[in-house]
>>> print(open('final.cif').read())   # mmCIF, C-alpha atoms
data_my_file
loop_
_atom_site.group_PDB
_atom_site.id
_atom_site.type_symbol
_atom_site.label_atom_id
_atom_site.label_comp_id
_atom_site.auth_asym_id
_atom_site.auth_seq_id
_atom_site.Cartn_x
_atom_site.Cartn_y
_atom_site.Cartn_z
ATOM 1 C CA ALA V 1 204.388 79.193 205.322
ATOM 2 C CA SER V 2 205.758 75.737 204.380
ATOM 3 C CA ILE V 3 207.715 77.214 201.444
ATOM 4 C CA ILE V 4 209.284 79.854 203.696
ATOM 5 C CA ILE V 5 210.381 77.245 206.247
ATOM 6 C CA MET V 6 211.775 74.936 203.511
ATOM 7 C CA ALA V 7 213.683 77.781 201.866
ATOM 8 C CA VAL V 8 214.873 79.414 205.090
ATOM 9 C CA PRO V 9 214.827 77.003 208.087
ATOM 10 C CA GLU V 10 215.398 79.941 210.433
ATOM 11 C CA GLY V 11 211.944 81.140 209.383
ATOM 12 C CA LEU V 12 210.286 78.553 211.647
ATOM 13 C CA ALA V 13 210.630 80.767 214.713
ATOM 14 C CA LEU V 14 209.129 83.678 212.786
ATOM 15 C CA ILE V 15 206.144 81.613 211.639
ATOM 16 C CA VAL V 16 205.489 80.309 215.172
ATOM 17 C CA SER V 17 205.613 83.867 216.523
ATOM 18 C CA LEU V 18 203.210 85.085 213.813
ATOM 19 C CA VAL V 19 200.730 82.262 214.486
ATOM 20 C CA GLN V 20 200.851 82.933 218.223
ATOM 21 C CA SER V 21 200.247 86.641 217.622
ATOM 22 C CA MET V 22 197.274 85.855 215.389
ATOM 23 C CA ASN V 23 195.855 83.552 218.066
ATOM 24 C CA THR V 24 196.345 86.257 220.676
ATOM 25 C CA GLU V 25 194.463 88.743 218.483
ATOM 26 C CA GLN V 26 191.574 86.308 218.020
ATOM 27 C CA MET V 27 191.382 85.754 221.784
ATOM 28 C CA TYR V 28 191.418 89.506 222.398
ATOM 29 C CA LYS V 29 188.384 89.900 220.137
ATOM 30 C CA LYS V 30 186.625 87.508 222.547
ATOM 31 C CA HIS V 31 187.661 89.749 225.486
ATOM 32 C CA ILE V 32 190.413 87.377 226.642
ATOM 33 C CA LEU V 33 193.780 89.038 227.219
ATOM 34 C CA VAL V 34 196.758 86.688 226.808
ATOM 35 C CA HIS V 35 199.912 87.823 228.603
ATOM 36 C CA HIS V 36 202.251 85.041 227.417
ATOM 37 C CA LYS V 37 201.771 83.993 223.789
ATOM 38 C CA ALA V 38 203.703 80.761 224.374
ATOM 39 C CA ALA V 39 200.956 79.685 226.802
ATOM 40 C CA PHE V 40 198.859 78.552 223.814
ATOM 41 C CA ALA V 41 201.163 75.595 223.226
ATOM 42 C CA ASP V 42 201.279 74.712 226.937
ATOM 43 C CA SER V 43 197.501 74.899 227.368
ATOM 44 C CA ALA V 44 197.045 71.967 224.957
ATOM 45 C CA TYR V 45 198.609 69.706 227.593
ATOM 46 C CA MET V 46 196.824 71.224 230.604
ATOM 47 C CA ASN V 47 195.037 68.813 232.965
ATOM 48 C CA ILE V 48 194.700 70.982 236.079
ATOM 49 C CA LEU V 49 194.077 74.713 236.402
ATOM 50 C CA PHE V 50 194.636 76.647 239.643
ATOM 51 C CA SER V 51 192.410 79.690 239.907
ATOM 52 C CA ASP V 52 192.243 82.493 242.455
ATOM 53 C CA LYS V 53 188.762 82.860 243.966
ATOM 54 C CA THR V 54 188.362 86.569 244.672
ATOM 55 C CA GLY V 55 187.798 88.594 241.538
ATOM 56 C CA THR V 56 188.186 85.564 239.248
ATOM 57 C CA ILE V 57 185.531 83.036 240.246
ATOM 58 C CA THR V 58 183.730 85.727 242.250
ATOM 59 C CA LYS V 59 182.999 89.339 241.350
ATOM 60 C CA GLY V 60 185.618 90.621 243.789
ATOM 61 C CA ASN V 61 183.115 93.084 245.240
ATOM 62 C CA LEU V 62 182.382 92.490 248.935
ATOM 63 C CA SER V 63 179.152 93.761 250.450
ATOM 64 C CA LEU V 64 178.071 93.695 254.097
ATOM 65 C CA ALA V 65 174.938 91.536 254.109
ATOM 66 C CA GLU V 66 174.112 91.173 257.830
ATOM 67 C CA PHE V 67 175.497 90.812 261.349
ATOM 68 C CA LEU V 68 175.843 87.900 263.713
ATOM 69 C CA LEU V 69 175.619 88.850 267.390
ATOM 70 C CA GLY V 70 177.463 87.016 270.165
ATOM 71 C CA ASN V 71 174.315 85.087 271.115
ATOM 72 C CA GLY V 72 173.960 83.694 267.574
ATOM 73 C CA GLU V 73 171.196 86.092 266.557
ATOM 74 C CA ILE V 74 171.282 87.430 262.966
ATOM 75 C CA VAL V 75 170.406 91.114 262.534
ATOM 76 C CA LYS V 76 170.451 93.564 259.632
ATOM 77 C CA ASP V 77 172.034 96.400 261.615
ATOM 78 C CA VAL V 78 173.616 97.085 265.010
ATOM 79 C CA LYS V 79 172.297 100.572 265.654
ATOM 80 C CA GLY V 80 171.826 99.770 269.328
ATOM 81 C CA ASN V 81 175.618 99.873 269.776
ATOM 82 C CA LYS V 82 176.762 103.514 269.769
ATOM 83 C CA ASP V 83 180.477 102.630 269.535
ATOM 84 C CA PHE V 84 180.188 100.270 266.580
ATOM 85 C CA ILE V 85 180.682 102.939 263.894
ATOM 86 C CA ASP V 86 183.853 104.140 265.640
ATOM 87 C CA ALA V 87 185.056 100.537 265.712
ATOM 88 C CA ILE V 88 184.664 99.977 261.957
ATOM 89 C CA THR V 89 185.731 103.452 260.762
ATOM 90 C CA LEU V 90 188.726 104.182 263.019
ATOM 91 C CA ASN V 91 190.151 100.694 262.504
ATOM 92 C CA ASN V 92 189.907 101.137 258.743
ATOM 93 C CA SER V 93 192.379 102.250 256.054
ATOM 94 C CA ALA V 94 189.751 103.089 253.405
ATOM 95 C CA LYS V 95 188.823 106.723 252.735
ATOM 96 C CA ILE V 96 185.772 108.591 251.464
ATOM 97 C CA SER V 97 186.119 110.105 247.988
ATOM 98 C CA SER V 98 184.795 113.499 246.919
ATOM 99 C CA GLU V 99 181.804 111.602 245.476
ATOM 100 C CA GLY V 100 181.066 110.104 248.903
ATOM 101 C CA LYS V 101 182.262 106.590 247.990
ATOM 102 C CA ALA V 102 184.621 104.300 249.937
ATOM 103 C CA ILE V 103 187.984 104.019 248.162
ATOM 104 C CA GLY V 104 191.481 102.655 248.825
ATOM 105 C CA SER V 105 192.728 99.942 251.201
ATOM 106 C CA ASN V 106 191.050 96.568 250.464
ATOM 107 C CA ASN V 107 187.524 95.456 249.554
ATOM 108 C CA MET V 108 186.796 94.429 253.165
ATOM 109 C CA ASP V 109 187.595 97.907 254.538
ATOM 110 C CA GLN V 110 185.600 99.439 251.701
ATOM 111 C CA ALA V 111 182.576 97.242 252.497
ATOM 112 C CA LEU V 112 182.617 98.307 256.173
ATOM 113 C CA LEU V 113 183.027 101.981 255.316
ATOM 114 C CA THR V 114 180.287 101.750 252.655
ATOM 115 C CA TYR V 115 177.927 100.342 255.309
ATOM 116 C CA ALA V 116 178.722 103.296 257.604
ATOM 117 C CA ILE V 117 178.105 105.749 254.740
ATOM 118 C CA ASN V 118 174.859 104.203 253.492
ATOM 119 C CA ASP V 119 173.238 103.178 256.797
ATOM 120 C CA TYR V 120 174.518 105.871 259.156
ATOM 121 C CA GLY V 121 175.131 108.824 256.825
ATOM 122 C CA TYR V 122 178.771 108.723 257.859
ATOM 123 C CA THR V 123 181.090 111.424 256.456
ATOM 124 C CA GLU V 124 184.843 112.064 256.819
ATOM 125 C CA SER V 125 184.094 114.973 259.178
ATOM 126 C CA MET V 126 182.486 112.499 261.601
ATOM 127 C CA ARG V 127 185.721 110.506 261.945
ATOM 128 C CA ASN V 128 186.414 110.556 265.697
ATOM 129 C CA GLU V 129 190.237 110.737 265.591
ATOM 130 C CA SER V 130 190.327 112.516 268.969
ATOM 131 C CA ILE V 131 189.963 109.191 270.828
ATOM 132 C CA VAL V 132 192.772 107.420 268.931
ATOM 133 C CA LYS V 133 196.317 107.070 270.248
ATOM 134 C CA GLU V 134 198.571 108.635 267.615
ATOM 135 C CA GLY V 135 200.513 106.205 265.432
ATOM 136 C CA SER V 136 198.758 103.151 266.901
ATOM 137 C CA THR V 137 196.799 101.950 263.882
ATOM 138 C CA SER V 138 197.908 98.520 262.699
ATOM 139 C CA MET V 139 197.355 97.310 259.150
ATOM 140 C CA PHE V 140 195.797 93.860 258.708
ATOM 141 C CA ASN V 141 198.341 91.230 259.826
ATOM 142 C CA SER V 142 198.050 88.067 257.710
ATOM 143 C CA GLU V 143 199.709 85.982 260.439
ATOM 144 C CA LYS V 144 197.463 87.184 263.269
ATOM 145 C CA LYS V 145 194.487 87.644 260.898
ATOM 146 C CA CYS V 146 193.736 90.891 262.692
ATOM 147 C CA ALA V 147 193.976 94.702 262.425
ATOM 148 C CA THR V 148 193.954 96.951 265.499
ATOM 149 C CA VAL V 149 193.845 100.570 266.623
ATOM 150 C CA GLU V 150 194.678 101.764 270.171
ATOM 151 C CA LEU V 151 192.563 104.351 271.957
ATOM 152 C CA LYS V 152 193.686 107.096 274.334
ATOM 153 C CA ASP V 153 191.704 105.522 277.194
ATOM 154 C CA GLY V 154 193.860 102.384 276.981
ATOM 155 C CA GLY V 155 191.313 100.396 275.026
ATOM 156 C CA MET V 156 191.693 98.892 271.587
ATOM 157 C CA TYR V 157 189.483 98.050 268.620
ATOM 158 C CA TRP V 158 190.114 94.702 266.923
ATOM 159 C CA LYS V 159 188.948 93.605 263.516
ATOM 160 C CA GLY V 160 189.785 90.100 262.365
ATOM 161 C CA ALA V 161 189.052 86.431 261.741
ATOM 162 C CA THR V 162 186.560 85.258 264.371
ATOM 163 C CA GLU V 163 188.282 81.912 264.956
ATOM 164 C CA PHE V 164 191.438 83.774 266.058
ATOM 165 C CA VAL V 165 189.706 85.879 268.750
ATOM 166 C CA ILE V 166 186.713 83.815 269.879
ATOM 167 C CA ASP V 167 188.597 82.076 272.705
ATOM 168 C CA ARG V 168 189.574 85.470 274.170
ATOM 169 C CA ILE V 169 186.064 86.986 274.131
ATOM 170 C CA ASN V 170 184.357 87.190 277.547
ATOM 171 C CA TYR V 171 181.506 89.629 276.793
ATOM 172 C CA TYR V 172 179.194 90.352 273.871
ATOM 173 C CA VAL V 173 176.769 93.140 272.939
ATOM 174 C CA ASP V 174 173.139 92.301 272.140
ATOM 175 C CA GLU V 175 170.769 94.085 269.711
ATOM 176 C CA LYS V 176 169.851 96.696 272.337
ATOM 177 C CA GLY V 177 173.513 97.575 272.955
ATOM 178 C CA GLU V 178 173.631 95.839 276.351
ATOM 179 C CA GLU V 179 176.650 93.762 277.391
ATOM 180 C CA HIS V 180 176.344 90.166 278.560
ATOM 181 C CA ARG V 181 178.745 87.418 279.659
ATOM 182 C CA PHE V 182 180.054 85.320 276.801
ATOM 183 C CA THR V 183 179.549 81.939 278.467
ATOM 184 C CA ASP V 184 180.423 78.529 276.984
ATOM 185 C CA ASP V 185 176.833 77.791 275.947
ATOM 186 C CA VAL V 186 176.560 81.188 274.219
ATOM 187 C CA LYS V 187 179.884 80.536 272.490
ATOM 188 C CA GLU V 188 178.603 77.174 271.280
ATOM 189 C CA LYS V 189 175.503 78.836 269.760
ATOM 190 C CA LEU V 190 177.673 81.401 267.984
ATOM 191 C CA GLN V 191 180.055 78.792 266.570
ATOM 192 C CA LYS V 192 177.139 76.720 265.259
ATOM 193 C CA LYS V 193 175.659 79.793 263.573
ATOM 194 C CA MET V 194 179.044 80.743 262.128
ATOM 195 C CA LYS V 195 179.260 77.363 260.381
ATOM 196 C CA GLU V 196 175.813 77.932 258.912
ATOM 197 C CA GLN V 197 176.833 81.395 257.716
ATOM 198 C CA ALA V 198 180.038 80.040 256.163
ATOM 199 C CA ALA V 199 177.942 77.477 254.265
ATOM 200 C CA ARG V 200 175.957 80.445 252.901
ATOM 201 C CA THR V 201 179.264 81.765 251.413
ATOM 202 C CA MET V 202 179.597 84.461 254.069
ATOM 203 C CA LYS V 203 183.037 85.825 254.905
ATOM 204 C CA MET V 204 183.040 86.629 258.630
ATOM 205 C CA LEU V 205 184.878 89.402 260.426
ATOM 206 C CA ALA V 206 184.768 89.904 264.192
ATOM 207 C CA ILE V 207 184.478 93.502 265.443
ATOM 208 C CA VAL V 208 185.810 93.598 269.016
ATOM 209 C CA ARG V 209 186.700 96.070 271.755
ATOM 210 C CA HIS V 210 189.507 95.186 274.178
ATOM 211 C CA TYR V 211 190.439 97.031 277.354
ATOM 212 C CA SER V 212 191.779 96.291 280.835
ATOM 213 C CA ASP V 213 189.065 96.033 283.466
ATOM 214 C CA LYS V 214 190.652 97.181 286.757
ATOM 215 C CA ASN V 215 187.656 95.944 288.750
ATOM 216 C CA GLU V 216 187.974 92.410 287.395
ATOM 217 C CA GLY V 217 191.746 92.507 287.180
ATOM 218 C CA LYS V 218 191.812 91.158 283.623
ATOM 219 C CA ALA V 219 191.188 92.165 280.040
ATOM 220 C CA ARG V 220 187.582 92.738 279.024
ATOM 221 C CA VAL V 221 187.191 91.552 275.443
ATOM 222 C CA THR V 222 183.763 92.451 274.077
ATOM 223 C CA LEU V 223 182.390 91.186 270.779
ATOM 224 C CA TYR V 224 180.355 93.946 269.152
ATOM 225 C CA ALA V 225 179.270 91.791 266.209
ATOM 226 C CA VAL V 226 180.478 89.437 263.523
ATOM 227 C CA ALA V 227 180.167 91.225 260.190
ATOM 228 C CA CYS V 228 178.938 88.827 257.481
ATOM 229 C CA LEU V 229 180.235 89.847 254.066
ATOM 230 C CA ARG V 230 179.439 88.255 250.733
ATOM 231 C CA ASP V 231 181.300 88.160 247.420
ATOM 232 C CA ASP V 232 178.914 86.787 244.796
ATOM 233 C CA VAL V 233 180.039 84.245 242.189
ATOM 234 C CA ARG V 234 180.416 85.548 238.635
ATOM 235 C CA PRO V 235 177.413 84.383 236.535
ATOM 236 C CA ASP V 236 179.703 82.937 233.844
ATOM 237 C CA ALA V 237 182.035 81.137 236.270
ATOM 238 C CA VAL V 238 179.807 78.059 236.649
ATOM 239 C CA GLU V 239 179.588 77.501 232.885
ATOM 240 C CA THR V 240 183.335 78.109 232.459
ATOM 241 C CA VAL V 241 184.211 75.475 235.068
ATOM 242 C CA LYS V 242 181.806 73.008 233.405
ATOM 243 C CA ILE V 243 183.473 73.567 230.024
ATOM 244 C CA LEU V 244 186.936 73.069 231.504
ATOM 245 C CA ASN V 245 185.829 69.885 233.288
ATOM 246 C CA SER V 246 184.295 68.506 230.092
ATOM 247 C CA ALA V 247 187.651 69.154 228.387
ATOM 248 C CA GLY V 248 189.369 67.007 230.990
ATOM 249 C CA ILE V 249 190.751 69.943 232.978
ATOM 250 C CA GLN V 250 190.317 69.904 236.749
ATOM 251 C CA VAL V 251 189.835 73.333 238.321
ATOM 252 C CA ALA V 252 191.312 73.958 241.784
ATOM 253 C CA MET V 253 190.170 77.108 243.603
ATOM 254 C CA ILE V 254 192.731 78.965 245.727
ATOM 255 C CA THR V 255 191.325 80.916 248.687
ATOM 256 C CA GLY V 256 192.030 81.886 252.267
ATOM 257 C CA ASP V 257 188.368 81.485 253.229
ATOM 258 C CA ALA V 258 187.044 78.952 255.702
ATOM 259 C CA GLU V 259 186.503 75.466 254.262
ATOM 260 C CA GLU V 260 182.708 75.730 254.514
ATOM 261 C CA THR V 261 182.724 79.031 252.585
ATOM 262 C CA ALA V 262 185.020 77.639 249.914
ATOM 263 C CA VAL V 263 182.844 74.533 249.425
#
>>> encode(input="final.cif", output="structure tokens")
Amino acid sequence: ASIIIMAVPEGLALIVSLVQSMNTEQMYKKHILVHHKAAFADSAYMNILFSDKTGTITKGNLSLAEFLLGNGEIVKDVKGNKDFIDAITLNNSAKISSEGKAIGSNNMDQALLTYAINDYGYTESMRNESIVKEGSTSMFNSEKKCATVELKDGGMYWKGATEFVIDRINYYVDEKGEEHRFTDDVKEKLQKKMKEQAARTMKMLAIVRHYSDKNEGKARVTLYAVACLRDDVRPDAVETVKILNSAGIQVAMITGDAEETAV
């Protein structure tokens, strides 16, 4: 290589490219795919690495672990609420494949639909489209942190970040499917439990029904349940971060999760 560069100075670029390609091939044999070969030179000077959380530090596979009711009670299912399955399947962009699996949309929609399939025997033929107002389904809005679908009776199903809707909730459904007032003390219990769930790495999603109550003259916003979803950490992520730290590289995790969940 030295002789080539001495004889033909323009050969330096060729040699660098060859070495980078060889390094890339060696990395590939270790199941590491390098997109930019020039990154090898830059990585020698790296002192901080920003990493996405979902699918990189975690497995990227959400599963519905349990539910948090409005009174702060944790339950494994909400079968006492007859409308709950409509709420999570109509306000959902995922579909059921020919193999009976949830596909499409995002991993949160898939986790909700998978729960309906596994725990309720839900099939595409059971999808109750007859109660939905045509063209009313809203995709998840990152600004409002919420997705909605309007119903023909004037009601609406909400699905979104609990902290964005909790101040509007005035009723909640208990384990038996009965509605109760969502008073300040009940709200306080729920918020305390939510912090505990976040510390257990749970991602929380409020499932809500909203409709105008003519008798009360105001909107009736009922919390069906807070779905607690979990995305487990990759087994090798802990060791990888330790190796990077020992090499003097600080790892910063990028996520939209609540602070407690991220920590």
>>> closest_residue(input="final.cif", among="V:Asp231, V:Glu66, V:Asp119, V:Glu134", to="V:Thr54", atoms="all atoms listed in the file")
V:Asp231
>>> residues_around(input="final.cif", residues="V:Leu205", least_positions_apart="6", cutoff="12 Å", atoms="only C-alpha atoms", output="ChimeraX atom specification")
/V:64-69,88,108-109,111-112,140,145-147,158-166,194,197-198,223-230,257-258
>>> axis_aligned_box(input="final.cif", around="stretch 208-219 of chain V", padding_each_side="8 Å", output="lines of an AutoDock Vina configuration file")
center_x = 188.8
center_y = 94.2
center_z = 278.9
size_x = 22.0
size_y = 22.0
size_z = 35.7
>>> residues_around(input="final.cif", residues="V:Met253", least_positions_apart="6", cutoff="10 Å", atoms="only C-alpha atoms", output="compact mmCIF listing (two decimals) with C-alpha atoms, keeping the file's coordinate frame")
# COMPACT_ATOMS: atom_id res chain seq x y z
CA LEU V 49 194.08 74.71 236.40
CA PHE V 50 194.64 76.65 239.64
CA SER V 51 192.41 79.69 239.91
CA ASP V 52 192.24 82.49 242.46
CA LYS V 53 188.76 82.86 243.97
CA THR V 54 188.36 86.57 244.67
CA THR V 56 188.19 85.56 239.25
CA ILE V 57 185.53 83.04 240.25
CA ALA V 262 185.02 77.64 249.91
CA VAL V 263 182.84 74.53 249.42
>>> resolve_selection(input="final.cif", expression="the PyMOL selection byres ((chain V and resi 78) around 10)", output="list of chain:residue names")
V:Glu66, V:Phe67, V:Leu68, V:Leu69, V:Val75, V:Lys76, V:Asp77, V:Lys79, V:Gly80, V:Asn81, V:Lys82, V:Asp83, V:Phe84, V:Ile85, V:Val173, V:Asp174, V:Glu175, V:Lys176, V:Gly177, V:Tyr224, V:Ala225
>>> atom_distance(input="final.cif", atom1="atom CA of V:Ser21", atom2="atom CA of V:Ala247")
24.1 Å
>>> resolve_selection(input="final.cif", expression="the PyMOL selection byres ((chain V and resi 114) around 10)", output="PyMOL selection string")
chain V and resi 63-64+89+94-96+100-103+108-113+115-122
>>> resolve_selection(input="final.cif", expression="the PyMOL selection byres ((chain V and resi 193) around 10)", output="NGL selection string")
:V and (68-74 or 187-192 or 194-199)
>>> atom_distance(input="final.cif", atom1="atom CA of V:His210", atom2="atom CA of V:Asn92")
16.5 Å
>>> atom_distance(input="final.cif", atom1="atom CA of V:His36", atom2="atom CA of V:Asn61")
27.4 Å
>>> residues_around(input="final.cif", residues="V:Gln250", least_positions_apart="2", cutoff="10 Å", atoms="only C-alpha atoms", output="PyMOL selection string")
chain V and resi 46-50+241-242+244-248+252-253
>>> closest_residue(input="final.cif", among="V:Met202, V:Lys214, V:Arg209, V:Gly60", to="V:Glu259", atoms="only C-alpha atoms")
V:Met202
>>> closest_residue(input="final.cif", among="V:Met204, V:Asn107, V:Thr24, V:Glu150", to="V:Gly55", atoms="all atoms listed in the file")
V:Asn107
>>> closest_residue(input="final.cif", among="V:Glu99, V:Glu239, V:Asp184, V:Asp153", to="V:Tyr211", atoms="all atoms listed in the file")
V:Asp153
>>> closest_residue(input="final.cif", among="V:Ala39, V:Ala219, V:Leu151, V:Val186", to="V:Asn23", atoms="all atoms listed in the file")
V:Ala39
>>> closest_residue(input="final.cif", among="V:Phe40, V:Tyr172, V:Tyr45, V:Phe182", to="V:Val19", atoms="all atoms listed in the file")
V:Phe40
